[in-house]
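See below for the structure under consideration.
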Amino acid sequence: MSKSAAPTGFTVSSAWLAEHLNDPGMSVIDASWYLPAQGRDARAEYDAGHIPRAVFFDHDLVVEPGSDLPHTMPSPKVFATFAASMGISRDDTIVVYDGPGFFSAPRAWWMFRTMGAEKVYVLEGGIDGWKKEGRFVTDQPTKIASCLFDVRFNPRRVASLAEMREIVEKGGRQIADARPPGRFTGKDPEPRPGVRGGHMPGAHNVPALALSKDGKLLPAEDLKQAFAAAGVDLNEPVVTSCGSGVTAAVVALALETLGHRDVKLYDGSWTEWGGRADTPVVKDEA
């Protein structure tokens, strides 16, 4: 029996990955990362049992050295060094996963695509779904072969603080904030000390967790309805944001799945914006 064809979107099923796991040029990445409230240790879980061939992608380590923000996108040179150390080349077929399916894996998906990799996919169901289906995991270290990651950085996928100031002041691009509603309105406190609650003027709330169900991205029509309900026009440019740039990538992935190609991600996200005293913040009154 011939193998199933290459994926057409940005996600793959566990059955597809299991079938193609030993293909030449296949790279698997465990990009799990959790908030303290989730009570999970990504590295410990990886060491205890990961998908064969998977390497661990540490979101707190693969950052720009010296940045005072938690998840600053590394420079192309720094990213290339990290990718090469994981044995990943730009031409590989790269499958990224996290625990539940669509939490932190899309951040790694976005980073690799921004750095020029084209065949990058998120595993539906994550490692939780993989294990639930009884598929094999291993606690053995993955053997890594040295390689070169030939970066093709696309700066049009990243929004800076200066650009966000201009968007807030003059418009021209919709802001889709992926944080939960309570944090977006300012009712619930931010998890990081010194960061104000609320949102950027004009921002739309598109909670990342509302875009998937049972570890799978919602069907296209449901995604369209979610964006419409949030007031996001899919025919206009969008910039995504969240707490520290991680779940903003879930919204970016959903938008690109719907064919939207003018999408930026605000890398500093709310930790940068809400952590400053000179940026405007809106709080919704109860």
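Following the order of the structure tokens, first chain is A, next is B, and so on, with residues numbered from 1 inside each chain and ligands from 1 in the order they appear.
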
Item checked: DSSP helix (DSSP H, G or I) selection over stretch 123-169 of chain A, as number ranges by chain -> A: 126-132, 155-157, 161-169

Wanna dump the stretch 61-120 of chain A-stretch 14-34 of chain A contacts at 6 Å for me, each residue with its shortest atom pair and the distance in Å to one decimal, counting only C-alpha atoms, ordered by chain and number, as JSON lines?
```
{"residue": "A:Asp92", "atom": "CA", "partner": "A:Gly25", "partner_atom": "CA", "distance": 4.9}
{"residue": "A:Thr93", "atom": "CA", "partner": "A:Met26", "partner_atom": "CA", "distance": 4.9}
{"residue": "A:Ile94", "atom": "CA", "partner": "A:Ser27", "partner_atom": "CA", "distance": 4.8}
{"residue": "A:Val95", "atom": "CA", "partner": "A:Val28", "partner_atom": "CA", "distance": 4.9}
{"residue": "A:Val96", "atom": "CA", "partner": "A:Ile29", "partner_atom": "CA", "distance": 4.7}
{"residue": "A:Tyr97", "atom": "CA", "partner": "A:Asp30", "partner_atom": "CA", "distance": 5.2}
{"residue": "A:Asp98", "atom": "CA", "partner": "A:Ser32", "partner_atom": "CA", "distance": 4.0}
{"residue": "A:Gly99", "atom": "CA", "partner": "A:Ser32", "partner_atom": "CA", "distance": 5.9}
{"residue": "A:Ser104", "atom": "CA", "partner": "A:Trp33", "partner_atom": "CA", "distance": 5.8}
{"residue": "A:Ala105", "atom": "CA", "partner": "A:Ala31", "partner_atom": "CA", "distance": 5.2}
```

Just C-alpha atoms for this one: save the residues we selected as an mmCIF file, in the first residue's frame.
```
data_model
loop_
_atom_site.group_PDB
_atom_site.id
_atom_site.type_symbol
_atom_site.label_atom_id
_atom_site.label_comp_id
_atom_site.auth_asym_id
_atom_site.auth_seq_id
_atom_site.Cartn_x
_atom_site.Cartn_y
_atom_site.Cartn_z
ATOM 1 C CA ASP A 92 12.916 19.078 6.289
ATOM 2 C CA THR A 93 9.300 18.081 6.756
ATOM 3 C CA ILE A 94 8.798 19.433 10.267
ATOM 4 C CA VAL A 95 5.978 18.243 12.525
ATOM 5 C CA VAL A 96 5.550 20.146 15.773
ATOM 6 C CA TYR A 97 3.483 19.052 18.749
ATOM 7 C CA ASP A 98 2.600 20.078 22.293
ATOM 8 C CA GLY A 99 0.470 18.473 25.001
ATOM 9 C CA SER A 104 2.376 26.228 22.237
ATOM 10 C CA ALA A 105 3.135 24.124 19.137
#
```

Sorted by chain and rising residue number, which residues of stretch 208-256 of chain A lie within 8 Å of stretch 165-178 of chain A, and what are their closest atom pairs and distances in Å to one decimal, counting only C-alpha atoms, as JSON lines?
```
{"residue": "A:Ala208", "atom": "CA", "partner": "A:Ala178", "partner_atom": "CA", "distance": 4.9}
{"residue": "A:Val232", "atom": "CA", "partner": "A:Gln174", "partner_atom": "CA", "distance": 7.1}
{"residue": "A:Glu236", "atom": "CA", "partner": "A:Arg173", "partner_atom": "CA", "distance": 7.1}
{"residue": "A:Pro237", "atom": "CA", "partner": "A:Arg173", "partner_atom": "CA", "distance": 5.0}
{"residue": "A:Val238", "atom": "CA", "partner": "A:Gln174", "partner_atom": "CA", "distance": 4.6}
{"residue": "A:Val239", "atom": "CA", "partner": "A:Ile175", "partner_atom": "CA", "distance": 5.0}
{"residue": "A:Thr240", "atom": "CA", "partner": "A:Ala176", "partner_atom": "CA", "distance": 4.7}
{"residue": "A:Ser241", "atom": "CA", "partner": "A:Asp177", "partner_atom": "CA", "distance": 4.8}
{"residue": "A:Cys242", "atom": "CA", "partner": "A:Ala178", "partner_atom": "CA", "distance": 4.8}
{"residue": "A:Gly243", "atom": "CA", "partner": "A:Ala178", "partner_atom": "CA", "distance": 7.9}
{"residue": "A:Thr247", "atom": "CA", "partner": "A:Ala178", "partner_atom": "CA", "distance": 6.3}
{"residue": "A:Ala248", "atom": "CA", "partner": "A:Ala178", "partner_atom": "CA", "distance": 5.4}
{"residue": "A:Val250", "atom": "CA", "partner": "A:Ala178", "partner_atom": "CA", "distance": 7.9}
{"residue": "A:Val251", "atom": "CA", "partner": "A:Ala178", "partner_atom": "CA", "distance": 6.7}
```

Margin query: I need the residue nearest A:Leu61 from this list: A:Asp47, A:Val78, A:Lys143, A:Pro100. Use only C-alpha atoms for the distance.
Written below: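 Among the listed residues, the smallest separation from A:Leu61 belongs to A:Val78.
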
Notebook entry, point to check: Got a sec to tell me which of stretch 145-253 of chain A DSSP assigns to strand (DSSP E or B), as a count of residues only?
Noted result: 17

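Nearest to A:Asp284 of all the residues A:Trp270, A:Phe149, A:Phe136, A:Phe184 is A:Phe184, counting only C-alpha atoms.
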
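Between A:Ser244 and the residues A:Thr257, A:Ser4, A:Ser269, A:Thr279, the shortest atom-to-atom distance, using only C-alpha atoms, involves A:Ser269.
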
Checklist line | Among listed residues A:Thr142, A:Pro52, A:Pro70, A:Glu256, nearest A:Thr11 (using only C-alpha atoms) | finding: A:Glu256

Note to self: I want to know what sits within 6 Å of A:Glu64, based on only C-alpha atoms, with residues of the same chain fewer than 3 positions away left out; could you give that as a list in words?
What the structure shows: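 Final neighbour list, sorted by chain and number: Ser67, Thr72, Met73 and Pro74 of chain A.
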
Next item on the list: Could you please determine the separation between atom CA of A:Pro155 and atom CA of A:Glu124 in Å, to one decimal place?
Entry: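 Between these atoms lies a distance of 27.7 Å.
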
Checklist line | Nearest-residue call for A:Ala249, choices A:Gly186, A:Gly198, A:Gly215, A:Pro207, using only C-alpha atoms | finding: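 The closest residue to A:Ala249 is A:Pro207.
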
Notebook entry, point to check: Excluding same-chain residues fewer than 4 positions from A:Ala229, what lies within 9 Å of it counting only C-alpha atoms, as a VMD selection string?
Noted result: chain A and resid 206 224 to 225

Note to self: Give me, as a list in words, all polymer residues having an atom no more than 10 Å from A:Pro7, counting only C-alpha atoms and skipping those fewer than 6 positions away in the same chain.
What the structure shows: Ser13, Trp16, Lys119, Val120 and Tyr121 of chain A

Next item on the list: Find the spatial neighbours of A:Gly274, counting only C-alpha atoms, within a cut-off of 6 Å - ignore same-chain residues fewer than 3 positions away - and output them as JSON, numbers by chain.
Entry: {"A": [195, 196, 270, 271]}

Item checked: Nearest candidate to A:Ser212 (options A:Val122, A:Gly101, A:Ala145, A:Lys132; using only C-alpha atoms) ->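 Closest residue, counting only C-alpha atoms: A:Gly101.
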
Next item on the list: Excluding A:Tyr46 and any residue of its chain fewer than 2 positions from it, enumerate the residues within 9 Å of it, using only C-alpha atoms, and give them as a list in words.
Entry: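 These residues fall inside the cut-off: Asp30, Ser32, Asp41, Ala42, Arg43, Ala44, Ala48, Gly49, His50, Ile51, Ala54, Val55, Phe56 and Asp139 of chain A.
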
Export N, CA, C and O atoms of the chosen residues as a short mmCIF file (atom, residue, chain, number, x, y, z; two decimals), in the first residue's frame?
```cif
data_model
loop_
_atom_site.label_atom_id
_atom_site.label_comp_id
_atom_site.auth_asym_id
_atom_site.auth_seq_id
_atom_site.Cartn_x
_atom_site.Cartn_y
_atom_site.Cartn_z
N ASP A 30 8.99 18.35 19.85
CA ASP A 30 8.12 18.54 21.02
C ASP A 30 8.30 19.98 21.47
O ASP A 30 9.31 20.35 22.05
N SER A 32 6.23 21.61 23.55
CA SER A 32 5.32 21.83 24.67
C SER A 32 5.85 22.92 25.60
O SER A 32 7.05 23.02 25.86
N ASP A 41 4.99 20.06 33.53
CA ASP A 41 6.41 20.31 33.30
C ASP A 41 6.78 19.74 31.93
O ASP A 41 6.90 18.52 31.77
N ALA A 42 6.91 20.61 30.93
CA ALA A 42 7.11 20.16 29.55
C ALA A 42 8.36 19.31 29.39
O ALA A 42 8.34 18.26 28.74
N ARG A 43 9.47 19.75 29.97
CA ARG A 43 10.72 19.02 29.81
C ARG A 43 10.67 17.65 30.49
O ARG A 43 11.13 16.65 29.95
N ALA A 44 10.09 17.62 31.68
CA ALA A 44 9.99 16.36 32.41
C ALA A 44 9.10 15.37 31.65
O ALA A 44 9.41 14.17 31.59
N ALA A 48 10.23 11.73 30.05
CA ALA A 48 9.54 10.52 30.47
C ALA A 48 8.98 9.73 29.29
O ALA A 48 8.87 8.51 29.36
N GLY A 49 8.64 10.42 28.22
CA GLY A 49 8.10 9.73 27.05
C GLY A 49 7.70 10.67 25.95
O GLY A 49 6.83 11.51 26.14
N HIS A 50 8.38 10.57 24.80
CA HIS A 50 8.09 11.45 23.67
C HIS A 50 7.91 10.60 22.40
O HIS A 50 8.23 9.41 22.37
N ILE A 51 7.40 11.24 21.37
CA ILE A 51 7.25 10.55 20.09
C ILE A 51 8.65 10.23 19.55
O ILE A 51 9.55 11.06 19.62
N ALA A 54 11.52 12.68 18.11
CA ALA A 54 11.25 14.05 18.52
C ALA A 54 12.42 14.65 19.30
O ALA A 54 13.06 13.98 20.11
N VAL A 55 12.68 15.92 19.02
CA VAL A 55 13.65 16.69 19.80
C VAL A 55 12.87 17.73 20.60
O VAL A 55 11.75 18.10 20.23
N PHE A 56 13.43 18.17 21.71
CA PHE A 56 12.71 19.12 22.57
C PHE A 56 13.05 20.55 22.18
O PHE A 56 14.21 20.92 22.05
N ASP A 139 11.46 6.92 25.98
CA ASP A 139 12.21 7.80 26.88
C ASP A 139 13.68 7.87 26.49
O ASP A 139 14.50 8.46 27.18
#
```
